[in-house]
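Asks: File work27.txt follows (compact mmCIF, C-alpha atoms):
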```txt
# COMPACT_ATOMS: atom_id res chain seq x y z
CA MET U 3 -75.29 44.95 -56.12
CA ALA U 4 -75.53 43.21 -52.77
CA GLU U 5 -78.94 42.41 -51.43
CA ILE U 6 -79.28 43.21 -47.73
CA ILE U 7 -81.57 40.87 -45.79
CA VAL U 8 -82.44 41.42 -42.14
CA VAL U 9 -83.44 38.43 -40.01
CA THR U 10 -85.67 39.85 -37.31
CA SER U 11 -88.53 38.96 -34.95
CA GLY U 12 -89.02 41.32 -32.03
CA LYS U 13 -89.27 38.48 -29.54
CA GLY U 14 -86.15 36.67 -28.39
CA GLY U 15 -85.46 32.97 -28.64
CA VAL U 16 -87.56 32.28 -31.72
CA GLY U 17 -84.67 31.24 -33.96
CA LYS U 18 -83.20 34.36 -35.58
CA THR U 19 -79.58 33.30 -35.24
CA THR U 20 -80.30 29.68 -36.20
CA THR U 21 -82.11 31.01 -39.26
CA SER U 22 -79.40 33.54 -40.17
CA ALA U 23 -76.72 30.85 -39.99
CA SER U 24 -78.66 28.32 -42.04
CA ILE U 25 -79.89 30.74 -44.71
CA ALA U 26 -76.36 32.15 -45.05
CA CYS U 27 -74.95 28.63 -45.51
CA GLY U 28 -77.70 27.72 -47.96
CA LEU U 29 -77.04 30.77 -50.12
CA ALA U 30 -73.28 30.21 -50.01
CA ARG U 31 -73.74 26.56 -50.96
CA ARG U 32 -75.48 27.76 -54.10
CA GLY U 33 -72.37 29.71 -55.01
CA LYS U 34 -73.41 33.11 -53.72
CA ARG U 35 -70.91 35.32 -51.88
CA VAL U 36 -72.47 35.86 -48.49
CA ALA U 37 -71.59 37.91 -45.42
CA VAL U 38 -73.57 37.37 -42.23
CA ILE U 39 -73.34 40.06 -39.55
CA ASP U 40 -74.22 39.72 -35.86
CA PHE U 41 -75.94 42.94 -34.69
CA ASP U 42 -76.42 41.73 -31.12
CA ILE U 43 -73.70 43.89 -29.58
CA GLY U 44 -72.74 42.70 -26.11
CA LEU U 45 -74.49 39.33 -26.52
CA ARG U 46 -72.83 37.77 -29.52
CA ASN U 47 -73.87 34.25 -30.43
CA LEU U 48 -73.77 33.92 -34.20
CA ASP U 49 -70.08 32.93 -33.92
CA LEU U 50 -71.03 29.97 -31.68
CA ILE U 51 -73.84 28.82 -33.97
CA MET U 52 -71.50 29.09 -36.96
CA GLY U 53 -68.74 27.29 -35.04
CA CYS U 54 -66.12 30.02 -35.48
CA GLU U 55 -66.06 31.44 -31.93
CA ARG U 56 -62.37 30.71 -31.42
CA ARG U 57 -61.38 32.52 -34.59
CA VAL U 58 -62.86 35.90 -33.66
CA VAL U 59 -60.05 38.44 -33.43
CA TYR U 60 -61.74 41.66 -34.51
CA ASP U 61 -65.45 42.41 -34.53
CA PHE U 62 -68.10 44.65 -36.12
CA VAL U 63 -67.54 47.48 -33.61
CA ASN U 64 -63.76 47.41 -34.20
CA VAL U 65 -64.41 47.93 -37.93
CA ILE U 66 -66.86 50.76 -37.31
CA HIS U 67 -64.39 52.53 -35.02
CA GLY U 68 -61.54 52.09 -37.49
CA GLU U 69 -59.54 49.83 -35.16
CA CYS U 70 -59.05 47.28 -37.93
CA THR U 71 -59.96 46.81 -41.58
CA LEU U 72 -63.12 45.00 -42.66
CA LYS U 73 -60.97 42.28 -44.24
CA GLN U 74 -59.25 41.63 -40.91
CA ALA U 75 -62.59 41.24 -39.14
CA LEU U 76 -64.34 38.99 -41.66
CA ILE U 77 -64.04 35.33 -40.70
CA ARG U 78 -64.09 32.95 -43.63
CA ASP U 79 -66.17 29.84 -43.03
CA LYS U 80 -64.15 26.61 -42.98
CA ARG U 81 -66.83 24.63 -44.82
CA LEU U 82 -67.99 27.08 -47.48
CA ASP U 83 -65.40 29.43 -48.95
CA SER U 84 -67.84 32.05 -50.22
CA LEU U 85 -69.27 32.57 -46.71
CA TYR U 86 -67.97 35.14 -44.22
CA VAL U 87 -68.99 35.97 -40.65
CA LEU U 88 -68.69 39.36 -38.98
CA ALA U 89 -68.98 38.86 -35.22
CA ALA U 90 -70.59 41.26 -32.78
CA SER U 91 -68.55 42.87 -30.05
CA GLN U 92 -68.82 41.05 -26.75
CA THR U 93 -67.54 43.86 -24.55
CA ARG U 94 -69.13 47.02 -25.90
CA ASP U 95 -72.78 48.03 -25.62
CA LYS U 96 -75.28 48.73 -28.36
CA ASP U 97 -74.42 52.45 -28.45
CA ALA U 98 -71.14 51.50 -30.08
CA LEU U 99 -73.11 51.08 -33.34
CA THR U 100 -73.78 54.15 -35.44
CA ALA U 101 -75.94 54.45 -38.54
CA ASP U 102 -73.05 56.00 -40.40
CA GLY U 103 -70.66 53.23 -39.36
CA VAL U 104 -73.11 50.46 -40.30
CA GLN U 105 -73.70 52.08 -43.68
CA ARG U 106 -69.97 52.25 -44.37
CA VAL U 107 -69.50 48.55 -43.60
CA LEU U 108 -72.49 47.56 -45.77
CA GLN U 109 -71.18 49.75 -48.60
CA GLU U 110 -67.72 48.22 -48.41
CA LEU U 111 -69.19 44.71 -48.54
CA THR U 112 -71.28 45.74 -51.56
CA ASP U 113 -68.24 47.22 -53.31
CA ASP U 114 -66.34 44.05 -52.51
CA GLY U 115 -68.78 42.07 -54.65
CA PHE U 116 -70.87 40.28 -52.04
CA ASP U 117 -74.21 39.00 -53.37
CA PHE U 118 -75.99 38.84 -50.03
CA ILE U 119 -75.51 40.51 -46.67
CA LEU U 120 -77.52 38.94 -43.86
CA CYS U 121 -78.11 41.06 -40.77
CA ASP U 122 -78.85 38.95 -37.71
CA SER U 123 -80.94 41.31 -35.56
CA PRO U 124 -80.99 41.28 -31.77
CA ALA U 125 -84.34 40.82 -30.02
CA GLY U 126 -86.28 43.90 -29.02
CA ILE U 127 -86.82 47.17 -30.85
CA GLU U 128 -83.87 49.18 -29.63
CA LYS U 129 -80.84 50.53 -31.43
CA GLY U 130 -79.28 47.22 -32.53
CA ALA U 131 -82.56 45.97 -33.96
CA HIS U 132 -83.23 49.34 -35.55
CA LEU U 133 -79.84 49.48 -37.29
CA ALA U 134 -80.05 45.83 -38.37
CA MET U 135 -83.23 46.60 -40.33
CA TYR U 136 -82.55 50.20 -41.36
CA PHE U 137 -80.62 49.51 -44.60
CA ALA U 138 -82.40 46.27 -45.52
CA ASP U 139 -83.90 45.48 -48.91
CA ARG U 140 -85.73 42.44 -47.57
CA ALA U 141 -86.73 41.11 -44.18
CA ILE U 142 -87.17 37.57 -42.94
CA VAL U 143 -89.53 37.81 -39.98
CA VAL U 144 -89.02 34.76 -37.79
CA VAL U 145 -92.16 33.75 -35.91
CA ASN U 146 -93.17 30.93 -33.56
CA PRO U 147 -96.84 29.94 -33.86
CA GLU U 148 -97.52 31.42 -30.43
CA VAL U 149 -99.34 34.60 -29.33
CA SER U 150 -96.49 36.76 -28.01
CA SER U 151 -94.22 35.99 -30.95
CA VAL U 152 -96.95 36.82 -33.49
CA ARG U 153 -97.84 40.08 -31.78
CA ASP U 154 -94.20 41.17 -31.49
CA SER U 155 -93.55 40.38 -35.11
CA ASP U 156 -96.48 42.55 -36.12
CA ARG U 157 -94.84 45.37 -34.19
CA ILE U 158 -91.66 44.70 -36.17
CA LEU U 159 -93.66 44.86 -39.41
CA GLY U 160 -94.81 48.34 -38.36
CA LEU U 161 -91.19 49.41 -37.87
CA LEU U 162 -90.11 47.89 -41.20
CA ALA U 163 -92.82 49.95 -42.86
CA SER U 164 -91.78 53.22 -41.24
CA LYS U 165 -88.29 53.17 -39.71
CA THR U 166 -86.19 51.91 -42.61
CA LYS U 167 -84.28 53.71 -45.32
CA ARG U 168 -86.48 52.20 -48.03
CA ALA U 169 -89.63 53.31 -46.21
CA GLU U 170 -88.26 56.83 -45.72
CA ASN U 171 -87.15 57.16 -49.34
CA GLY U 172 -90.37 55.74 -50.66
CA HIS U 173 -88.52 53.10 -52.71
CA GLY U 174 -91.35 50.62 -52.36
CA GLY U 175 -90.42 49.65 -48.81
CA VAL U 176 -88.75 46.50 -47.50
CA ARG U 177 -89.91 43.18 -48.96
CA GLU U 178 -91.14 41.09 -46.05
CA HIS U 179 -91.15 37.32 -45.71
CA LEU U 180 -92.61 35.16 -42.97
CA LEU U 181 -90.59 32.23 -41.65
CA LEU U 182 -92.32 30.03 -39.10
CA THR U 183 -90.11 28.05 -36.75
CA ARG U 184 -90.74 25.35 -34.12
CA TYR U 185 -93.78 24.21 -36.06
CA SER U 186 -95.45 21.07 -34.78
CA PRO U 187 -97.88 19.53 -37.32
CA ARG U 188 -99.13 17.14 -34.65
CA ARG U 189 -100.18 19.96 -32.31
CA VAL U 190 -101.70 21.89 -35.20
CA ALA U 191 -103.76 18.80 -36.04
CA THR U 192 -105.10 18.59 -32.48
CA GLY U 193 -105.94 22.32 -32.40
CA GLU U 194 -103.29 23.20 -29.82
CA MET U 195 -101.15 25.27 -32.17
CA MET U 196 -101.97 27.91 -34.76
CA SER U 197 -101.45 26.72 -38.31
CA VAL U 198 -99.36 28.28 -41.09
CA ALA U 199 -102.59 29.60 -42.60
CA ASP U 200 -103.66 31.18 -39.29
CA VAL U 201 -100.39 33.08 -38.79
CA LYS U 202 -100.26 34.03 -42.45
CA GLU U 203 -103.78 35.44 -42.23
CA ILE U 204 -103.10 37.45 -39.06
CA LEU U 205 -99.86 38.98 -40.31
CA GLY U 206 -100.69 39.14 -44.02
CA LEU U 207 -97.26 38.02 -45.23
CA ASP U 208 -96.06 35.51 -47.78
CA VAL U 209 -94.51 32.41 -46.23
CA VAL U 210 -90.89 31.80 -47.18
CA GLY U 211 -90.46 28.76 -44.97
CA VAL U 212 -91.89 26.56 -42.25
CA ILE U 213 -89.30 24.90 -40.04
CA PRO U 214 -90.55 21.93 -38.04
CA GLU U 215 -89.85 21.63 -34.32
CA SER U 216 -86.92 19.24 -33.98
CA ALA U 217 -84.18 18.14 -31.62
CA ASP U 218 -81.75 18.53 -34.55
CA VAL U 219 -81.62 22.30 -33.97
CA LEU U 220 -80.10 21.89 -30.49
CA THR U 221 -77.75 19.16 -31.68
CA ALA U 222 -76.52 21.47 -34.44
CA SER U 223 -75.94 24.41 -32.12
CA ASN U 224 -74.13 22.13 -29.66
CA ALA U 225 -71.72 21.23 -32.45
CA GLY U 226 -71.41 24.71 -33.98
CA MET U 227 -72.66 23.42 -37.32
CA PRO U 228 -75.58 25.30 -38.91
CA VAL U 229 -78.49 22.86 -39.00
CA ILE U 230 -78.94 23.21 -42.78
CA LEU U 231 -75.69 21.24 -43.17
CA ASN U 232 -77.17 18.17 -41.45
CA GLU U 233 -78.28 16.22 -44.52
CA GLN U 234 -80.26 13.74 -42.43
CA SER U 235 -82.52 16.35 -40.91
CA ILE U 236 -85.92 17.52 -42.19
CA VAL U 237 -85.03 20.90 -40.65
CA ALA U 238 -82.17 21.15 -43.15
CA ARG U 239 -84.52 20.36 -46.02
CA ALA U 240 -87.04 22.91 -44.78
CA TYR U 241 -84.32 25.60 -44.63
CA GLU U 242 -83.03 24.56 -48.05
CA ASP U 243 -86.55 25.08 -49.44
CA ALA U 244 -86.67 28.51 -47.81
CA VAL U 245 -83.37 29.45 -49.50
CA GLY U 246 -84.82 28.39 -52.84
CA ARG U 247 -87.93 30.49 -52.29
CA LEU U 248 -85.81 33.50 -51.30
CA LEU U 249 -84.08 33.15 -54.67
CA GLY U 250 -87.46 33.19 -56.39
CA GLU U 251 -88.07 29.46 -56.92
CA THR U 252 -91.57 28.09 -56.49
CA ILE U 253 -91.38 25.26 -53.97
CA PRO U 254 -94.44 23.84 -52.20
CA LEU U 255 -94.34 23.80 -48.38
CA ARG U 256 -93.27 20.50 -46.82
CA TYR U 257 -93.54 19.06 -43.31
CA ILE U 258 -96.62 21.07 -42.41
CA GLU U 259 -98.87 18.06 -42.05
CA GLU U 260 -98.49 15.13 -39.76
CA PRO U 261 -97.36 12.08 -41.72
CA LYS U 262 -100.24 9.66 -42.10
CA LYS U 263 -99.59 6.51 -40.15
CA GLY U 264 -99.93 3.25 -41.95
CA PHE U 265 -102.31 0.53 -40.80
CA PHE U 266 -99.63 -1.48 -38.98
CA ALA U 267 -98.04 1.59 -37.39
CA ARG U 268 -101.42 2.53 -35.98
CA LEU U 269 -102.10 -1.00 -34.84
CA PHE U 270 -98.80 -1.32 -33.02
CA GLY U 271 -98.47 2.33 -31.97
CA GLY U 272 -95.29 2.78 -34.08
CA MET O 14 -123.55 15.29 -17.47
CA ARG O 15 -120.48 13.79 -19.13
CA LEU O 16 -122.34 13.55 -22.39
CA LEU O 17 -123.35 17.23 -22.23
CA ASP O 18 -119.72 18.19 -21.57
CA PHE O 19 -118.78 16.30 -24.68
CA PHE O 20 -121.08 18.42 -26.83
CA ARG O 21 -120.13 21.67 -25.12
CA ARG O 22 -116.41 21.28 -25.56
CA PRO O 23 -114.54 24.62 -25.53
CA PRO O 24 -113.02 25.70 -28.85
CA PRO O 25 -109.46 24.46 -29.48
CA SER O 26 -106.86 26.74 -27.88
CA ALA O 27 -105.27 27.59 -31.24
CA GLN O 28 -108.56 29.07 -32.38
CA VAL O 29 -108.77 31.17 -29.21
CA ALA O 30 -105.22 32.39 -29.84
CA LYS O 31 -106.05 33.31 -33.42
CA GLU O 32 -109.16 35.27 -32.42
CA ARG O 33 -107.34 37.16 -29.68
CA LEU O 34 -104.47 38.00 -32.00
CA ARG O 35 -106.76 39.11 -34.78
CA ILE O 36 -108.37 41.66 -32.47
CA ILE O 37 -105.23 42.98 -30.79
CA VAL O 38 -103.23 43.15 -34.02
CA ALA O 39 -106.02 45.10 -35.75
CA GLN O 40 -106.23 47.46 -32.79
CA GLU O 41 -102.48 48.04 -32.65
CA ARG O 42 -102.28 48.53 -36.40
CA SER O 43 -104.94 51.20 -36.33
CA ALA O 44 -103.06 53.09 -33.63
CA ARG O 45 -99.79 52.73 -35.54
CA GLY O 46 -98.38 55.85 -37.14
CA GLY O 47 -101.02 58.00 -35.45
CA PRO O 48 -100.07 60.83 -33.15
CA ASP O 49 -99.13 59.88 -29.58
CA TYR O 50 -101.81 62.10 -28.08
CA LEU O 51 -104.75 60.02 -29.37
CA PRO O 52 -105.19 57.81 -26.27
CA LEU O 53 -105.06 60.83 -23.96
CA LEU O 54 -107.43 62.78 -26.19
CA ARG O 55 -109.81 59.87 -26.09
CA ARG O 56 -109.67 59.67 -22.30
CA GLU O 57 -110.20 63.38 -21.77
CA LEU O 58 -113.07 63.54 -24.26
CA LEU O 59 -114.64 60.64 -22.46
CA GLU O 60 -114.43 62.50 -19.16
CA VAL O 61 -116.12 65.56 -20.65
CA ILE O 62 -118.91 63.50 -22.21
CA ARG O 63 -119.44 61.66 -18.96
CA LYS O 64 -120.22 64.93 -17.19
CA TYR O 65 -123.42 65.01 -19.21
CA VAL O 66 -124.19 61.48 -20.32
CA ASN O 67 -123.32 58.24 -18.63
CA VAL O 68 -121.53 56.44 -21.46
CA ASP O 69 -119.49 53.28 -21.44
CA PRO O 70 -115.67 53.69 -21.80
CA ASP O 71 -115.84 51.56 -24.95
CA ALA O 72 -118.54 53.74 -26.47
CA VAL O 73 -116.08 56.38 -27.68
CA HIS O 74 -114.28 55.65 -30.93
CA ILE O 75 -111.58 57.86 -32.31
CA ASN O 76 -110.29 57.30 -35.78
CA LEU O 77 -107.65 59.16 -37.71
CA ASP O 78 -107.86 58.81 -41.49
CA ARG O 79 -105.42 60.11 -44.01
CA ALA O 80 -106.84 60.72 -47.44
CA ALA O 81 -105.85 62.97 -50.32
CA GLY O 82 -103.25 64.88 -48.33
CA GLN O 83 -105.51 65.76 -45.42
CA GLU O 84 -106.15 64.11 -42.09
CA VAL O 85 -109.64 63.56 -40.75
CA LEU O 86 -110.20 63.00 -37.06
CA GLU O 87 -113.39 61.05 -36.68
CA LEU O 88 -115.12 60.78 -33.33
CA SER O 89 -118.14 58.66 -32.65
CA VAL O 90 -119.95 58.23 -29.35
CA ALA O 91 -122.59 55.59 -28.88
CA LEU O 92 -125.13 57.04 -26.43
CA PRO O 93 -126.86 54.63 -24.07
CA GLU O 94 -130.44 53.68 -24.83
CA ARG O 95 -133.05 55.42 -22.73
```
Starting from the file, lay out its structure as structure tokens.

Replies:
Amino acid sequence: MAEIIVVTSGKGGVGKTTTSASIACGLARRGKRVAVIDFDIGLRNLDLIMGCERRVVYDFVNVIHGECTLKQALIRDKRLDSLYVLAASQTRDKDALTADGVQRVLQELTDDGFDFILCDSPAGIEKGAHLAMYFADRAIVVVNPEVSSVRDSDRILGLLASKTKRAENGHGGVREHLLLTRYSPRRVATGEMMSVADVKEILGLDVVGVIPESADVLTASNAGMPVILNEQSIVARAYEDAVGRLLGETIPLRYIEEPKKGFFARLFGG
Amino acid sequence: MRLLDFFRRPPPSAQVAKERLRIIVAQERSARGGPDYLPLLRRELLEVIRKYVNVDPDAVHINLDRAAGQEVLELSVALPER
């Protein structure tokens, strides 16, 4: 039985696609069969972040409208052979998605033996975002430690609790996880940024990951290589931890405190 | 003067953010799932009450509780002190 996970946030630009790509890679690297679907119809970007933009022939909307088979539209990742990408349509608008069509695609992926289906939600609370979350079993709510992002994600939590299939059927609702991105331990230490504990307290969610602010994220998207694959980066390790926690492992949070400077580093401003 | 400023430093901005969010999130959560007419009902009730008593706009609280299969609309008005 495939587990459907929506990556959502409400606010744009907080790291949904970066997170979808890295979590998908992380799960696939652990041997899981993973499909990651871009729900941002008209503004597709997951293909660029995954580095498969030139291999998109058919997209999600083509499958829904029966213009190709699901197999034709799934793009197999060149690095991890149990990972597949389903791109969003670049030319259609969000009305091209239908609940029935989305359900059929998710069902076919489930029947095909996928372990995880990641739904990369568009920003906002309109149709694309609604359909991305509607069939989900779990939700990763991506949040920046910043007022508008926190407020918008609380709005999303309200929708997860009411406008999803699990909420409507009363099957215990969608399991929600908080993933903080662009976290700066230095600014938290100086009182300029809300801490993990602050955001956790406001939203009342369990924390599945804290991703530190880093230039590595831009470098990775420039190259079309999900940042989790950059072994040198602490961002990769933070995402790897999040993948472990999603799979039920108990892993303490890392990179949430500023590294203590040694005596000489402080003396010489290193 | 400088010394006094040092002791009266404003709270760190993250703390301000947290306080503001705590209030707005609680407010939005309480309105969530409630009927859409609540804000209008509140405003119209306020107008009626104001015909007789000069109350503050914030003095009217409307709460909708769901318990044991029935909904209770609770209205409280804080009257000004004489």

Asks: Residues of chain U were defined as contacting chain O if any atom lay at most 12 Å from it, counting all atoms listed in the file; please report them as a PDB file with C-alpha atoms, in the frame of the given file.

Replies:
```pdb
ATOM      1  CA  PRO U 147     -96.840  29.940 -33.860  1.00  0.00           C
ATOM      2  CA  GLU U 148     -97.520  31.420 -30.430  1.00  0.00           C
ATOM      3  CA  VAL U 149     -99.340  34.600 -29.330  1.00  0.00           C
ATOM      4  CA  SER U 150     -96.490  36.760 -28.010  1.00  0.00           C
ATOM      5  CA  SER U 151     -94.220  35.990 -30.950  1.00  0.00           C
ATOM      6  CA  VAL U 152     -96.950  36.820 -33.490  1.00  0.00           C
ATOM      7  CA  ARG U 153     -97.840  40.080 -31.780  1.00  0.00           C
ATOM      8  CA  ASP U 154     -94.200  41.170 -31.490  1.00  0.00           C
ATOM      9  CA  SER U 155     -93.550  40.380 -35.110  1.00  0.00           C
ATOM     10  CA  ASP U 156     -96.480  42.550 -36.120  1.00  0.00           C
ATOM     11  CA  ARG U 157     -94.840  45.370 -34.190  1.00  0.00           C
ATOM     12  CA  ILE U 158     -91.660  44.700 -36.170  1.00  0.00           C
ATOM     13  CA  LEU U 159     -93.660  44.860 -39.410  1.00  0.00           C
ATOM     14  CA  GLY U 160     -94.810  48.340 -38.360  1.00  0.00           C
ATOM     15  CA  LEU U 161     -91.190  49.410 -37.870  1.00  0.00           C
ATOM     16  CA  ALA U 163     -92.820  49.950 -42.860  1.00  0.00           C
ATOM     17  CA  SER U 164     -91.780  53.220 -41.240  1.00  0.00           C
ATOM     18  CA  LYS U 165     -88.290  53.170 -39.710  1.00  0.00           C
ATOM     19  CA  ARG U 189    -100.180  19.960 -32.310  1.00  0.00           C
ATOM     20  CA  VAL U 190    -101.700  21.890 -35.200  1.00  0.00           C
ATOM     21  CA  ALA U 191    -103.760  18.800 -36.040  1.00  0.00           C
ATOM     22  CA  THR U 192    -105.100  18.590 -32.480  1.00  0.00           C
ATOM     23  CA  GLY U 193    -105.940  22.320 -32.400  1.00  0.00           C
ATOM     24  CA  GLU U 194    -103.290  23.200 -29.820  1.00  0.00           C
ATOM     25  CA  MET U 195    -101.150  25.270 -32.170  1.00  0.00           C
ATOM     26  CA  MET U 196    -101.970  27.910 -34.760  1.00  0.00           C
ATOM     27  CA  SER U 197    -101.450  26.720 -38.310  1.00  0.00           C
ATOM     28  CA  VAL U 198     -99.360  28.280 -41.090  1.00  0.00           C
ATOM     29  CA  ALA U 199    -102.590  29.600 -42.600  1.00  0.00           C
ATOM     30  CA  ASP U 200    -103.660  31.180 -39.290  1.00  0.00           C
ATOM     31  CA  VAL U 201    -100.390  33.080 -38.790  1.00  0.00           C
ATOM     32  CA  LYS U 202    -100.260  34.030 -42.450  1.00  0.00           C
ATOM     33  CA  GLU U 203    -103.780  35.440 -42.230  1.00  0.00           C
ATOM     34  CA  ILE U 204    -103.100  37.450 -39.060  1.00  0.00           C
ATOM     35  CA  LEU U 205     -99.860  38.980 -40.310  1.00  0.00           C
ATOM     36  CA  GLY U 206    -100.690  39.140 -44.020  1.00  0.00           C
TER      37      GLY U 206
END
```

Asks: From the set U:Val107, U:Val59, U:Leu99, U:Leu249, which residue has the shortest atom-to-atom contact distance to Val38 (chain U), counting only C-alpha atoms?

Replies: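 Ranking U:Val107, U:Val59, U:Leu99, U:Leu249 by distance to Val38 (chain U), first place goes to U:Val107.
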
Asks: Just the residues within 10 Å of region 84-86 of chain O, please, counting all atoms listed in the file, with nothing from its chain fewer than 6 positions along; format it as a ChimeraX atom specification.

Replies: /O:51,75-78

Asks: Export C-alpha atoms of the chosen residues as a tab-separated table (two decimals), in the frame of the given file?

Replies:
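The result, written out as result-v8.tsv:
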```tsv
chain	number	residue	atom	x	y	z
O	51	LEU	CA	-104.75	60.02	-29.37
O	75	ILE	CA	-111.58	57.86	-32.31
O	76	ASN	CA	-110.29	57.30	-35.78
O	77	LEU	CA	-107.65	59.16	-37.71
O	78	ASP	CA	-107.86	58.81	-41.49
```

Asks: CA of Tyr86 (chain U) to CA of Arg35 (chain U): how many Å, to one decimal?

Replies: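 Separation of CA of Tyr86 (chain U) and CA of Arg35 (chain U): 8.2 Å.
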
Asks: Could you check the closest approach to Val237 (chain U) for each of U:Lys13, U:His132, U:His179, U:Arg184 and tell me which residue wins, using all atoms listed in the file?

Replies: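 Counting all atoms listed in the file, the residue closest to Val237 (chain U) is U:Arg184.
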
Asks: Looking at all atoms listed in the file, which of U:Leu120, U:Ala101, U:Ile253, U:Ala222 is the one that sits closest to Glu5 (chain U)?

Replies: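 Of all the options, U:Leu120 lies closest to Glu5 (chain U).
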
Asks: Report the distance between CA of Arg32 (chain U) and CA of Asp83 (chain U) in Å, rounded to one decimal place.

Replies: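 Separation between CA of Arg32 (chain U) and CA of Asp83 (chain U): 11.4 Å.
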
Asks: With distances taken over only C-alpha atoms, which of O:Leu88, O:Arg21, O:Tyr50, O:Pro93 is nearest to Arg63 (chain O)?

Replies: O:Pro93

Asks: What is the distance, in Å and to one decimal place, between CA of Val144 (chain U) and CA of Val16 (chain U)?

Replies: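 Calculated distance between CA of Val144 (chain U) and CA of Val16 (chain U) is 6.7 Å.
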
Asks: Do you know which residues are at most 10 Å from Gly15 (chain U) counting only C-alpha atoms, after dropping those on the same chain fewer than 4 positions away, and could you put them as a VMD selection string?

Replies: chain U and resid 11 19 to 20 124 to 125 144 to 146 151

Asks: List the neighbours of Ser89 (chain O) out to 8 Å using all atoms listed in the file; skip same-chain residues closer than 5 positions along the sequence, and give me the result as a PyMOL selection string.

Replies: chain O and resi 72-75

Asks: I'd like the contact shell of Gly53 (chain U) - 10 Å cut-off, all atoms listed in the file, skipping same-chain residues fewer than 5 positions apart - returned as a VMD selection string.

Replies: chain U and resid 47 to 48 79 to 80 222 to 228

Asks: When you count all atoms listed in the file, which of these residues is closest to Gly17 (chain U): U:Ile142, U:Leu231, U:Thr112, U:Arg106?

Replies: U:Ile142
